[in-house]
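Written below as structure tokens is the structure these notes are about.
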Amino acid sequence: MGEVLSQSEIDNLLAALSSGELDTNELNGADDKQIKDYDFKRPTKFSREHLRTLEIIYEHYGRLLSTSLQVYLRKNIQISVTSSETVIFSEFSNSLSNPVILGVVNFHPLGGMILIELASQLGFTMIDRMLGGAGDPLEKGREFTEIEMTIIEKMMVVCMQLMREPWKNVVDINPMLERIETNSQFAQIIAPNDMIAIVTLNMKVGEVEGFMNVCLPFFTLESVMDKLNTKFWYANLQESDDEDFEEYIEALIKRVDVPVKAVLGKTSISVADFVNLQIGDIIRLDTEVEQDLTVYVGNIRKFTALPGTSREKNAVRVTSVIREGRNKSMDGMLSQDEINALLNGTDDSSGDAVDESTAGFGGDEADDSLLSDIEKDAVGEVANISMGASATTLFSIVNRKVNPFVILYLE
């Protein structure tokens with residue numbers, strides 16, 4: 001029951017009405033309630049907070065994508081988020097032209113699929129760049145060939161895999177490309193009336209500009225809708241500390257392949273012996289039979305080892321670890337003192353003359369006379385180019401001692 005007015009309050013109210021101080025229209029309007037129309041065909045399932053979080057995710061995705069695609073396309077690429085909106089799936093599919101590039105992606109572990117739509121002119125530009133062209137779009141649209149679809153599929157896999165990092169603060173995803181469609185009628189992944197969120201990215205490849213649309217159905221994101229808010233996003237972002245990045249970088253470094261080689265030994269020979277090497281010739285090295293081999297990781301002496309076999313392949317067994325810096329003798333460039341020592345037939349480390357008995361091959365003895373200054377300069381110049389290119393030049397001074405190192409190794 002409403003509040004009952006006293007007689008004095010009634011008299012004051014009537015007096016205000018008669019004097020015009022109170023308007024009856026204002027009293028009637030005060031009780032009117034604002035009514036908002038609700039469209040049952042387009043229920044609101046994505047709030048502005050959800051869309052804003054999706055924009056943040058795909059802004060991060062755009063930065064990663066622009067960096068990665070530059071490696072493949074060798075073009076300046078700019079990507080930015082243009083807009084985000086919610087529509088029903090039928091409106092999105094009906095707005096697509098043919099042919100179109102539609103990547104159907106399994107958003108595992110989330111249920112359902114998502115779509116990545118790439119403008120056809122961007123697709124033809126990427127194909128042209130991958131095949132060595134200038135990256136010009138086609139003047140008139142046409143269907144994609146099978147070879148072109150194979151190239152597009154590889155590019156779509158790159159685009160899809162880069163989504164892992166931006167979504168990490170919400171959920172760890174493992175997207176998989178199911179297929180690529182060029183006709184929107186064959187990409188009906190959900191019911192026509194289901195709600196979707198569309199994040200539109202503007203992509204510019206060189207001078208060619210187009211859109212990439214990411215279609216995210218509510219059905220797919222329903223299990224993580226509570227996490228699609230900026231508060232949750234930034235809270236998880238702050239929890240990431242330097243240790244996580246150190247572990248990530250360490251994991252990447254562990255997967256890097258490094259060359260490892262075991263050096264049997266080395267010796268110095270004359271150019272004449274080198275030119276006349278034949279199958280069956282014996283090269284005497286400076287190592288003993290029972291001496292450990294030196295194992296290099298890259299250009300650094302790291303281990304000593306004994307040679308042997310394992311599963312019918314050559315192998316070495318590590319006997320000790322060498323803890324020292326870079327080994328100069330394995331670097332690609334020799335110092336001037338080392339070059340002079342080689343030309344003069346002396347060992348730079350000890351200053352002793354090189355023993356010529358270790359360089360015999362059963363042929364004529366090498367001439368022990370030293371090179372002239374002009375010949376030294378010539379050898380110094382050809383030392384900076386490959387052995388194949390310098391063979392002709394060195395042939396003119398055969399039987400003159402230049403002492404190149406001969407290194408045999410197991411890989």
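Order determines the names: the first chain of the structure tokens is A, the second B, and so forth; residues in each chain are numbered 1 upward, and ligands are numbered 1 upward as they are shown.
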- prompt: Can you list, as number ranges by chain, every protein, DNA or RNA residue that comes within 9 Å of range 210-221 of chain A when you count only C-alpha atoms, leaving out same-chain residues fewer than 4 positions away?
  reply: A: 45-46, 82, 89, 92, 107, 110-122, 190, 194-205, 225
Which parts of range 10-141 of chain A does DSSP call alpha helix (DSSP H) when run on the backbone here, written out as a short mmCIF file (atom, residue, chain, number, x, y, z; two decimals) with all heavy atoms, in the first residue's frame?
```cif
data_model
loop_
_atom_site.label_atom_id
_atom_site.label_comp_id
_atom_site.auth_asym_id
_atom_site.auth_seq_id
_atom_site.Cartn_x
_atom_site.Cartn_y
_atom_site.Cartn_z
N ILE A 10 -2.26 17.24 1.69
CA ILE A 10 -3.20 17.29 0.57
C ILE A 10 -3.52 18.73 0.22
O ILE A 10 -3.56 19.11 -0.96
CB ILE A 10 -4.47 16.50 0.91
CG1 ILE A 10 -4.15 15.00 1.05
CG2 ILE A 10 -5.54 16.71 -0.17
CD1 ILE A 10 -5.31 14.17 1.52
N ASP A 11 -3.74 19.55 1.27
CA ASP A 11 -4.05 20.97 1.03
C ASP A 11 -2.89 21.68 0.34
O ASP A 11 -3.09 22.48 -0.57
CB ASP A 11 -4.38 21.66 2.36
CG ASP A 11 -5.67 21.10 2.99
OD1 ASP A 11 -6.47 20.52 2.23
OD2 ASP A 11 -5.82 21.22 4.23
N ASN A 12 -1.66 21.40 0.75
CA ASN A 12 -0.49 22.03 0.13
C ASN A 12 -0.34 21.60 -1.33
O ASN A 12 0.05 22.39 -2.19
CB ASN A 12 0.78 21.69 0.90
CG ASN A 12 0.80 22.31 2.28
OD1 ASN A 12 0.18 23.36 2.50
ND2 ASN A 12 1.52 21.67 3.22
N LEU A 13 -0.64 20.34 -1.60
CA LEU A 13 -0.53 19.83 -2.97
C LEU A 13 -1.55 20.49 -3.88
O LEU A 13 -1.24 20.88 -5.01
CB LEU A 13 -0.70 18.31 -2.97
CG LEU A 13 -0.59 17.61 -4.33
CD1 LEU A 13 0.77 17.87 -4.96
CD2 LEU A 13 -0.83 16.11 -4.18
N LEU A 14 -2.79 20.64 -3.39
CA LEU A 14 -3.83 21.28 -4.18
C LEU A 14 -3.51 22.74 -4.42
O LEU A 14 -3.77 23.29 -5.52
CB LEU A 14 -5.19 21.14 -3.48
CG LEU A 14 -5.74 19.71 -3.39
CD1 LEU A 14 -7.01 19.67 -2.55
CD2 LEU A 14 -6.01 19.15 -4.79
N ALA A 15 -2.94 23.40 -3.39
CA ALA A 15 -2.57 24.80 -3.55
C ALA A 15 -1.47 24.96 -4.59
O ALA A 15 -1.46 25.91 -5.39
CB ALA A 15 -2.12 25.37 -2.21
N ALA A 16 -0.51 24.04 -4.63
CA ALA A 16 0.57 24.11 -5.61
C ALA A 16 0.05 23.88 -7.02
O ALA A 16 0.52 24.51 -7.98
CB ALA A 16 1.65 23.08 -5.27
N LEU A 17 -0.93 23.00 -7.15
CA LEU A 17 -1.50 22.75 -8.47
C LEU A 17 -2.29 23.95 -8.97
O LEU A 17 -2.23 24.31 -10.16
CB LEU A 17 -2.39 21.52 -8.43
CG LEU A 17 -1.69 20.16 -8.27
CD1 LEU A 17 -2.70 19.04 -8.06
CD2 LEU A 17 -0.81 19.87 -9.49
N SER A 18 -3.02 24.57 -8.06
CA SER A 18 -3.84 25.71 -8.47
C SER A 18 -2.99 26.94 -8.79
O SER A 18 -3.35 27.75 -9.65
CB SER A 18 -4.85 26.05 -7.37
OG SER A 18 -4.16 26.38 -6.16
N SER A 19 -1.82 27.04 -8.11
CA SER A 19 -0.96 28.20 -8.36
C SER A 19 -0.01 27.98 -9.55
O SER A 19 0.66 28.91 -9.98
CB SER A 19 -0.13 28.52 -7.11
OG SER A 19 0.72 27.42 -6.79
N THR A 24 1.24 18.88 -13.81
CA THR A 24 0.75 17.50 -13.83
C THR A 24 1.44 16.65 -14.88
O THR A 24 1.58 15.43 -14.72
CB THR A 24 -0.77 17.49 -14.09
OG1 THR A 24 -1.02 18.19 -15.32
CG2 THR A 24 -1.52 18.18 -12.95
N ASN A 25 1.91 17.27 -15.97
CA ASN A 25 2.61 16.50 -17.03
C ASN A 25 3.93 15.94 -16.51
O ASN A 25 4.34 14.82 -16.88
CB ASN A 25 2.86 17.38 -18.25
CG ASN A 25 1.57 17.77 -18.94
OD1 ASN A 25 0.59 17.00 -18.91
ND2 ASN A 25 1.55 18.95 -19.56
N GLU A 26 4.60 16.73 -15.65
CA GLU A 26 5.86 16.25 -15.07
C GLU A 26 5.62 15.07 -14.14
O GLU A 26 6.42 14.14 -14.09
CB GLU A 26 6.55 17.38 -14.31
CG GLU A 26 7.04 18.51 -15.21
CD GLU A 26 7.73 19.59 -14.41
OE1 GLU A 26 7.80 19.44 -13.16
OE2 GLU A 26 8.19 20.58 -15.02
N LEU A 27 4.50 15.11 -13.41
CA LEU A 27 4.18 13.99 -12.52
C LEU A 27 3.90 12.72 -13.31
O LEU A 27 4.32 11.63 -12.94
CB LEU A 27 2.98 14.34 -11.65
CG LEU A 27 3.19 15.47 -10.63
CD1 LEU A 27 1.88 15.79 -9.91
CD2 LEU A 27 4.27 15.09 -9.64
N ASN A 28 3.21 12.85 -14.42
CA ASN A 28 2.92 11.66 -15.24
C ASN A 28 4.18 11.10 -15.90
O ASN A 28 4.36 9.90 -16.00
CB ASN A 28 1.89 12.01 -16.31
CG ASN A 28 0.53 12.36 -15.71
OD1 ASN A 28 0.21 11.88 -14.62
ND2 ASN A 28 -0.24 13.21 -16.41
N GLY A 29 5.09 12.02 -16.34
CA GLY A 29 6.32 11.57 -17.00
C GLY A 29 7.30 10.93 -16.06
O GLY A 29 8.14 10.12 -16.47
N ALA A 30 7.24 11.27 -14.77
CA ALA A 30 8.17 10.69 -13.80
C ALA A 30 7.96 9.21 -13.60
O ALA A 30 8.88 8.48 -13.24
CB ALA A 30 8.06 11.44 -12.47
N ARG A 48 31.12 -5.19 -24.44
CA ARG A 48 32.21 -4.33 -24.90
C ARG A 48 33.53 -4.73 -24.24
O ARG A 48 34.60 -4.59 -24.83
CB ARG A 48 31.88 -2.87 -24.58
CG ARG A 48 30.78 -2.27 -25.42
CD ARG A 48 31.06 -2.40 -26.91
NE ARG A 48 32.37 -1.88 -27.29
CZ ARG A 48 32.94 -2.02 -28.47
NH1 ARG A 48 32.32 -2.74 -29.41
NH2 ARG A 48 34.11 -1.50 -28.74
N GLU A 49 33.45 -5.22 -23.00
CA GLU A 49 34.66 -5.67 -22.32
C GLU A 49 35.28 -6.86 -23.03
O GLU A 49 36.50 -6.95 -23.19
CB GLU A 49 34.34 -6.02 -20.87
CG GLU A 49 35.54 -6.36 -20.01
CD GLU A 49 36.35 -5.13 -19.64
OE1 GLU A 49 35.90 -4.01 -19.89
OE2 GLU A 49 37.46 -5.32 -19.12
N HIS A 50 34.42 -7.77 -23.48
CA HIS A 50 34.92 -8.92 -24.23
C HIS A 50 35.58 -8.49 -25.53
O HIS A 50 36.67 -8.97 -25.88
CB HIS A 50 33.77 -9.89 -24.54
CG HIS A 50 33.17 -10.53 -23.33
ND1 HIS A 50 31.84 -10.89 -23.24
CD2 HIS A 50 33.73 -10.84 -22.12
CE1 HIS A 50 31.60 -11.43 -22.06
NE2 HIS A 50 32.73 -11.42 -21.37
N LEU A 51 34.94 -7.59 -26.25
CA LEU A 51 35.49 -7.14 -27.52
C LEU A 51 36.79 -6.37 -27.33
O LEU A 51 37.73 -6.50 -28.13
CB LEU A 51 34.48 -6.26 -28.25
CG LEU A 51 33.18 -6.95 -28.70
CD1 LEU A 51 32.26 -5.96 -29.38
CD2 LEU A 51 33.47 -8.12 -29.63
N ARG A 52 36.86 -5.59 -26.26
CA ARG A 52 38.09 -4.85 -26.00
C ARG A 52 39.24 -5.80 -25.70
O ARG A 52 40.38 -5.59 -26.16
CB ARG A 52 37.88 -3.89 -24.81
CG ARG A 52 39.13 -3.12 -24.40
CD ARG A 52 39.72 -2.36 -25.56
NE ARG A 52 41.00 -1.74 -25.22
CZ ARG A 52 41.92 -1.39 -26.11
NH1 ARG A 52 41.73 -1.64 -27.40
NH2 ARG A 52 43.04 -0.83 -25.73
N THR A 53 38.98 -6.86 -24.96
CA THR A 53 40.03 -7.84 -24.67
C THR A 53 40.47 -8.55 -25.94
O THR A 53 41.67 -8.80 -26.14
CB THR A 53 39.52 -8.87 -23.65
OG1 THR A 53 39.03 -8.19 -22.49
CG2 THR A 53 40.64 -9.82 -23.23
N LEU A 54 39.53 -8.86 -26.82
CA LEU A 54 39.90 -9.49 -28.09
C LEU A 54 40.75 -8.55 -28.93
O LEU A 54 41.68 -8.99 -29.62
CB LEU A 54 38.64 -9.90 -28.85
CG LEU A 54 37.84 -11.07 -28.26
CD1 LEU A 54 36.56 -11.29 -29.06
CD2 LEU A 54 38.67 -12.35 -28.23
N GLU A 55 40.46 -7.26 -28.88
CA GLU A 55 41.28 -6.30 -29.62
C GLU A 55 42.71 -6.28 -29.08
O GLU A 55 43.67 -6.21 -29.85
CB GLU A 55 40.66 -4.91 -29.52
CG GLU A 55 39.40 -4.74 -30.35
CD GLU A 55 38.84 -3.34 -30.24
OE1 GLU A 55 39.50 -2.48 -29.61
OE2 GLU A 55 37.75 -3.08 -30.80
N ILE A 56 42.85 -6.34 -27.75
CA ILE A 56 44.19 -6.36 -27.15
C ILE A 56 44.95 -7.61 -27.59
O ILE A 56 46.14 -7.55 -27.93
CB ILE A 56 44.08 -6.30 -25.61
CG1 ILE A 56 43.49 -4.96 -25.18
CG2 ILE A 56 45.45 -6.50 -24.97
CD1 ILE A 56 43.22 -4.87 -23.70
N ILE A 57 44.25 -8.74 -27.60
CA ILE A 57 44.89 -10.00 -28.01
C ILE A 57 45.40 -9.91 -29.44
O ILE A 57 46.54 -10.28 -29.76
CB ILE A 57 43.91 -11.17 -27.85
CG1 ILE A 57 43.63 -11.44 -26.36
CG2 ILE A 57 44.45 -12.44 -28.53
CD1 ILE A 57 42.56 -12.49 -26.11
N TYR A 58 44.57 -9.37 -30.33
CA TYR A 58 44.94 -9.37 -31.74
C TYR A 58 45.81 -8.17 -32.11
O TYR A 58 46.40 -8.17 -33.20
CB TYR A 58 43.69 -9.47 -32.60
CG TYR A 58 43.19 -10.90 -32.63
CD1 TYR A 58 42.19 -11.33 -31.77
CD2 TYR A 58 43.78 -11.84 -33.46
CE1 TYR A 58 41.76 -12.64 -31.76
CE2 TYR A 58 43.36 -13.16 -33.46
CZ TYR A 58 42.36 -13.56 -32.61
OH TYR A 58 41.97 -14.86 -32.59
N GLU A 59 45.91 -7.17 -31.27
CA GLU A 59 46.96 -6.17 -31.45
C GLU A 59 48.33 -6.80 -31.25
O GLU A 59 49.29 -6.54 -31.99
CB GLU A 59 46.74 -5.01 -30.48
CG GLU A 59 45.63 -4.05 -30.90
CD GLU A 59 45.34 -3.02 -29.83
OE1 GLU A 59 45.99 -3.08 -28.75
OE2 GLU A 59 44.47 -2.16 -30.05
N HIS A 60 48.43 -7.64 -30.20
CA HIS A 60 49.67 -8.40 -29.97
C HIS A 60 49.93 -9.35 -31.14
O HIS A 60 51.05 -9.46 -31.63
CB HIS A 60 49.55 -9.17 -28.66
CG HIS A 60 50.79 -9.90 -28.27
ND1 HIS A 60 50.83 -10.79 -27.22
CD2 HIS A 60 52.05 -9.89 -28.80
CE1 HIS A 60 52.05 -11.28 -27.11
NE2 HIS A 60 52.81 -10.76 -28.06
N TYR A 61 48.87 -10.00 -31.60
CA TYR A 61 49.00 -10.92 -32.73
C TYR A 61 49.47 -10.20 -34.00
O TYR A 61 50.29 -10.71 -34.76
CB TYR A 61 47.65 -11.58 -32.97
CG TYR A 61 47.57 -12.43 -34.22
CD1 TYR A 61 48.22 -13.65 -34.30
CD2 TYR A 61 46.84 -11.99 -35.33
CE1 TYR A 61 48.15 -14.42 -35.45
CE2 TYR A 61 46.76 -12.77 -36.47
CZ TYR A 61 47.41 -13.98 -36.53
OH TYR A 61 47.34 -14.74 -37.67
N GLY A 62 48.96 -9.00 -34.23
CA GLY A 62 49.36 -8.23 -35.41
C GLY A 62 50.84 -7.88 -35.40
O GLY A 62 51.50 -7.92 -36.44
N ARG A 63 51.38 -7.55 -34.21
CA ARG A 63 52.81 -7.25 -34.13
C ARG A 63 53.65 -8.49 -34.44
O ARG A 63 54.66 -8.40 -35.15
CB ARG A 63 53.14 -6.71 -32.73
CG ARG A 63 52.57 -5.32 -32.47
CD ARG A 63 53.14 -4.73 -31.19
NE ARG A 63 52.75 -5.48 -30.00
CZ ARG A 63 51.65 -5.22 -29.28
NH1 ARG A 63 50.84 -4.23 -29.64
NH2 ARG A 63 51.36 -5.93 -28.21
N LEU A 64 53.25 -9.63 -33.91
CA LEU A 64 53.99 -10.87 -34.20
C LEU A 64 53.90 -11.23 -35.68
O LEU A 64 54.88 -11.64 -36.30
CB LEU A 64 53.43 -12.01 -33.35
CG LEU A 64 53.62 -11.93 -31.83
CD1 LEU A 64 52.94 -13.11 -31.14
CD2 LEU A 64 55.09 -11.89 -31.46
N LEU A 65 52.70 -11.08 -36.25
CA LEU A 65 52.49 -11.48 -37.64
C LEU A 65 53.28 -10.59 -38.60
O LEU A 65 53.87 -11.08 -39.57
CB LEU A 65 51.00 -11.42 -37.96
CG LEU A 65 50.58 -11.94 -39.34
CD1 LEU A 65 50.97 -13.40 -39.50
CD2 LEU A 65 49.08 -11.77 -39.52
N SER A 66 53.31 -9.29 -38.34
CA SER A 66 54.05 -8.39 -39.23
C SER A 66 55.54 -8.70 -39.22
O SER A 66 56.21 -8.63 -40.26
CB SER A 66 53.81 -6.94 -38.83
OG SER A 66 54.26 -6.71 -37.49
N THR A 67 56.07 -9.08 -38.05
CA THR A 67 57.49 -9.42 -37.97
C THR A 67 57.79 -10.72 -38.69
O THR A 67 58.79 -10.84 -39.41
CB THR A 67 57.92 -9.52 -36.50
OG1 THR A 67 57.63 -8.29 -35.83
CG2 THR A 67 59.41 -9.82 -36.39
N SER A 68 56.93 -11.73 -38.52
CA SER A 68 57.19 -13.05 -39.11
C SER A 68 57.01 -13.04 -40.62
O SER A 68 57.81 -13.65 -41.35
CB SER A 68 56.26 -14.10 -38.48
OG SER A 68 56.50 -14.21 -37.09
N LEU A 69 55.99 -12.37 -41.12
CA LEU A 69 55.74 -12.39 -42.57
C LEU A 69 56.82 -11.66 -43.35
O LEU A 69 57.05 -11.96 -44.51
CB LEU A 69 54.37 -11.77 -42.87
CG LEU A 69 53.15 -12.58 -42.46
CD1 LEU A 69 51.88 -11.88 -42.90
CD2 LEU A 69 53.20 -14.00 -43.04
N GLN A 70 57.49 -10.69 -42.71
CA GLN A 70 58.57 -10.01 -43.40
C GLN A 70 59.70 -10.96 -43.77
O GLN A 70 60.37 -10.78 -44.78
CB GLN A 70 59.11 -8.88 -42.53
CG GLN A 70 58.20 -7.67 -42.43
CD GLN A 70 58.77 -6.57 -41.57
OE1 GLN A 70 59.93 -6.64 -41.17
NE2 GLN A 70 57.98 -5.56 -41.27
N VAL A 71 59.91 -12.00 -42.96
CA VAL A 71 60.96 -12.99 -43.24
C VAL A 71 60.62 -13.76 -44.51
O VAL A 71 61.49 -14.06 -45.33
CB VAL A 71 61.13 -13.94 -42.05
CG1 VAL A 71 62.17 -15.01 -42.35
CG2 VAL A 71 61.51 -13.17 -40.80
N TYR A 72 59.33 -14.11 -44.68
CA TYR A 72 58.92 -14.91 -45.84
C TYR A 72 58.75 -14.07 -47.10
O TYR A 72 59.13 -14.49 -48.19
CB TYR A 72 57.60 -15.63 -45.53
CG TYR A 72 57.71 -16.68 -44.45
CD1 TYR A 72 57.44 -16.36 -43.12
CD2 TYR A 72 58.07 -17.99 -44.75
CE1 TYR A 72 57.53 -17.31 -42.13
CE2 TYR A 72 58.17 -18.95 -43.76
CZ TYR A 72 57.90 -18.61 -42.44
OH TYR A 72 58.00 -19.56 -41.47
N LEU A 73 58.17 -12.88 -46.95
CA LEU A 73 57.82 -12.08 -48.11
C LEU A 73 58.87 -11.05 -48.48
O LEU A 73 58.81 -10.48 -49.57
CB LEU A 73 56.48 -11.37 -47.87
CG LEU A 73 55.30 -12.28 -47.51
CD1 LEU A 73 54.05 -11.46 -47.29
CD2 LEU A 73 55.07 -13.32 -48.60
N PHE A 89 26.30 -15.36 -37.70
CA PHE A 89 27.22 -15.99 -38.66
C PHE A 89 26.73 -15.83 -40.09
O PHE A 89 27.54 -15.69 -41.02
CB PHE A 89 27.39 -17.46 -38.31
CG PHE A 89 28.37 -18.18 -39.20
CD1 PHE A 89 29.72 -17.93 -39.11
CD2 PHE A 89 27.92 -19.09 -40.15
CE1 PHE A 89 30.63 -18.57 -39.94
CE2 PHE A 89 28.82 -19.74 -40.98
CZ PHE A 89 30.18 -19.47 -40.87
N SER A 90 25.42 -15.85 -40.31
CA SER A 90 24.91 -15.75 -41.68
C SER A 90 25.26 -14.40 -42.29
O SER A 90 25.54 -14.32 -43.49
CB SER A 90 23.39 -15.96 -41.68
OG SER A 90 22.75 -14.99 -40.88
N GLU A 91 25.24 -13.31 -41.49
CA GLU A 91 25.61 -12.01 -42.03
C GLU A 91 27.07 -11.97 -42.44
O GLU A 91 27.42 -11.37 -43.46
CB GLU A 91 25.33 -10.92 -40.98
CG GLU A 91 23.85 -10.71 -40.68
CD GLU A 91 23.64 -9.60 -39.69
OE1 GLU A 91 24.65 -8.95 -39.29
OE2 GLU A 91 22.49 -9.36 -39.28
N PHE A 92 27.91 -12.62 -41.66
CA PHE A 92 29.33 -12.67 -42.01
C PHE A 92 29.57 -13.46 -43.28
O PHE A 92 30.28 -13.01 -44.19
CB PHE A 92 30.13 -13.27 -40.85
CG PHE A 92 31.56 -13.59 -41.18
CD1 PHE A 92 32.50 -12.59 -41.35
CD2 PHE A 92 31.98 -14.91 -41.34
CE1 PHE A 92 33.81 -12.87 -41.66
CE2 PHE A 92 33.29 -15.21 -41.65
CZ PHE A 92 34.21 -14.19 -41.81
N SER A 93 28.98 -14.65 -43.38
CA SER A 93 29.21 -15.51 -44.55
C SER A 93 28.62 -14.90 -45.82
O SER A 93 29.18 -15.04 -46.91
CB SER A 93 28.63 -16.90 -44.30
OG SER A 93 27.24 -16.82 -44.06
N ASN A 94 27.48 -14.20 -45.70
CA ASN A 94 26.86 -13.60 -46.88
C ASN A 94 27.64 -12.39 -47.39
O ASN A 94 27.49 -12.00 -48.55
CB ASN A 94 25.42 -13.18 -46.58
CG ASN A 94 24.52 -14.38 -46.35
OD1 ASN A 94 24.78 -15.48 -46.84
ND2 ASN A 94 23.44 -14.18 -45.60
N SER A 120 41.47 -11.70 -51.01
CA SER A 120 42.08 -12.41 -52.14
C SER A 120 43.25 -11.64 -52.74
O SER A 120 44.23 -12.23 -53.17
CB SER A 120 41.03 -12.69 -53.21
OG SER A 120 40.44 -11.47 -53.66
N GLN A 121 43.19 -10.28 -52.74
CA GLN A 121 44.30 -9.52 -53.32
C GLN A 121 45.56 -9.67 -52.47
O GLN A 121 46.68 -9.67 -53.00
CB GLN A 121 43.94 -8.04 -53.47
CG GLN A 121 43.73 -7.28 -52.17
CD GLN A 121 42.26 -7.24 -51.80
OE1 GLN A 121 41.51 -8.13 -52.18
NE2 GLN A 121 41.87 -6.21 -51.08
N LEU A 122 45.40 -9.82 -51.15
CA LEU A 122 46.55 -10.09 -50.31
C LEU A 122 47.12 -11.47 -50.59
O LEU A 122 48.33 -11.68 -50.58
CB LEU A 122 46.18 -9.97 -48.83
CG LEU A 122 45.89 -8.57 -48.30
CD1 LEU A 122 45.43 -8.63 -46.85
CD2 LEU A 122 47.12 -7.69 -48.41
N GLY A 123 46.23 -12.44 -50.84
CA GLY A 123 46.69 -13.79 -51.16
C GLY A 123 47.51 -13.84 -52.43
O GLY A 123 48.58 -14.45 -52.47
N PHE A 124 47.04 -13.16 -53.49
CA PHE A 124 47.79 -13.14 -54.74
C PHE A 124 49.11 -12.39 -54.58
O PHE A 124 50.11 -12.73 -55.22
CB PHE A 124 46.95 -12.51 -55.85
CG PHE A 124 45.88 -13.40 -56.39
CD1 PHE A 124 44.54 -13.09 -56.22
CD2 PHE A 124 46.21 -14.57 -57.07
CE1 PHE A 124 43.55 -13.92 -56.72
CE2 PHE A 124 45.22 -15.41 -57.57
CZ PHE A 124 43.89 -15.08 -57.39
N THR A 125 49.12 -11.35 -53.74
CA THR A 125 50.37 -10.62 -53.49
C THR A 125 51.39 -11.50 -52.80
O THR A 125 52.58 -11.51 -53.16
CB THR A 125 50.08 -9.37 -52.64
OG1 THR A 125 49.19 -8.51 -53.34
CG2 THR A 125 51.37 -8.62 -52.34
N MET A 126 50.94 -12.28 -51.79
CA MET A 126 51.85 -13.18 -51.09
C MET A 126 52.39 -14.25 -52.04
O MET A 126 53.59 -14.59 -52.00
CB MET A 126 51.14 -13.83 -49.91
CG MET A 126 50.78 -12.88 -48.79
SD MET A 126 49.95 -13.74 -47.44
CE MET A 126 49.68 -12.38 -46.30
N ILE A 127 51.53 -14.78 -52.88
CA ILE A 127 51.98 -15.81 -53.83
C ILE A 127 53.02 -15.23 -54.78
O ILE A 127 54.05 -15.87 -55.07
CB ILE A 127 50.76 -16.35 -54.62
CG1 ILE A 127 49.84 -17.13 -53.69
CG2 ILE A 127 51.22 -17.22 -55.77
CD1 ILE A 127 48.52 -17.50 -54.32
N ASP A 128 52.78 -14.02 -55.27
CA ASP A 128 53.72 -13.39 -56.19
C ASP A 128 55.07 -13.18 -55.53
O ASP A 128 56.13 -13.41 -56.15
CB ASP A 128 53.14 -12.06 -56.68
CG ASP A 128 53.91 -11.49 -57.86
OD1 ASP A 128 54.33 -12.29 -58.72
OD2 ASP A 128 54.10 -10.27 -57.93
N ARG A 129 55.08 -12.76 -54.27
CA ARG A 129 56.33 -12.55 -53.56
C ARG A 129 57.05 -13.87 -53.29
O ARG A 129 58.27 -13.97 -53.42
CB ARG A 129 56.10 -11.82 -52.24
CG ARG A 129 55.75 -10.36 -52.38
CD ARG A 129 56.88 -9.59 -53.03
NE ARG A 129 58.10 -9.62 -52.24
CZ ARG A 129 59.29 -9.25 -52.67
NH1 ARG A 129 59.44 -8.84 -53.91
NH2 ARG A 129 60.35 -9.29 -51.89
N MET A 130 56.31 -14.91 -52.90
CA MET A 130 56.92 -16.20 -52.61
C MET A 130 57.54 -16.83 -53.86
O MET A 130 58.49 -17.60 -53.76
CB MET A 130 55.87 -17.15 -52.02
CG MET A 130 55.38 -16.75 -50.64
SD MET A 130 56.63 -16.93 -49.36
CE MET A 130 56.70 -18.72 -49.21
#
```
- prompt: Which parts of range 96-194 of chain A does DSSP call strand (DSSP E or B) when run on the backbone here, written out as a ChimeraX atom specification?
  reply: /A:101-106,113-118,176-181
Restricting it to C-alpha atoms, dump the selection as a PDB file, in the first residue's frame.
```
ATOM      1  CA  ILE A 101      40.571 -17.414 -48.611  1.00  0.00           C
ATOM      2  CA  LEU A 102      38.968 -18.992 -45.552  1.00  0.00           C
ATOM      3  CA  GLY A 103      41.136 -20.945 -43.139  1.00  0.00           C
ATOM      4  CA  VAL A 104      39.126 -23.320 -40.933  1.00  0.00           C
ATOM      5  CA  VAL A 105      41.098 -23.668 -37.691  1.00  0.00           C
ATOM      6  CA  ASN A 106      40.528 -26.147 -34.875  1.00  0.00           C
ATOM      7  CA  MET A 113      36.371 -23.949 -34.908  1.00  0.00           C
ATOM      8  CA  ILE A 114      37.311 -20.405 -35.841  1.00  0.00           C
ATOM      9  CA  LEU A 115      37.731 -18.835 -39.280  1.00  0.00           C
ATOM     10  CA  ILE A 116      40.580 -16.717 -40.643  1.00  0.00           C
ATOM     11  CA  GLU A 117      39.473 -14.793 -43.718  1.00  0.00           C
ATOM     12  CA  LEU A 118      42.152 -13.209 -45.895  1.00  0.00           C
ATOM     13  CA  MET A 176      45.443 -26.777 -36.092  1.00  0.00           C
ATOM     14  CA  LEU A 177      44.540 -25.872 -39.657  1.00  0.00           C
ATOM     15  CA  GLU A 178      41.777 -28.217 -40.775  1.00  0.00           C
ATOM     16  CA  ARG A 179      41.360 -27.001 -44.344  1.00  0.00           C
ATOM     17  CA  ILE A 180      41.201 -23.950 -46.616  1.00  0.00           C
ATOM     18  CA  GLU A 181      38.031 -23.044 -48.480  1.00  0.00           C
TER      19      GLU A 181
END
```
message: Could you list, as a VMD selection string, every residue within 10 Å of Val258 in chain A, counting only C-alpha atoms and ignoring same-chain residues fewer than 4 positions away?
response: chain A and resid 254 297 to 298
query: Within 12 Å of Val260 in chain A, counting only C-alpha atoms, which residues qualify if same-chain residues fewer than 2 places away don't, as a ChimeraX atom specification?
result: /A:257-258,262-263,294-303,315-316,409-411
- prompt: What does the distance from CA of Met156 in chain A to CA of Leu228 in chain A come to in Å, to one decimal?
  reply: 25.0 Å
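Our summary of the geometry notes that CA of Asp292 in chain A is positioned 13.5 Å from CA of Lys261 in chain A.
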- prompt: What gap, in Å, lies between CA of Asp226 in chain A and CA of Ser83 in chain A?
  reply: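 It comes out at 21.6 Å.
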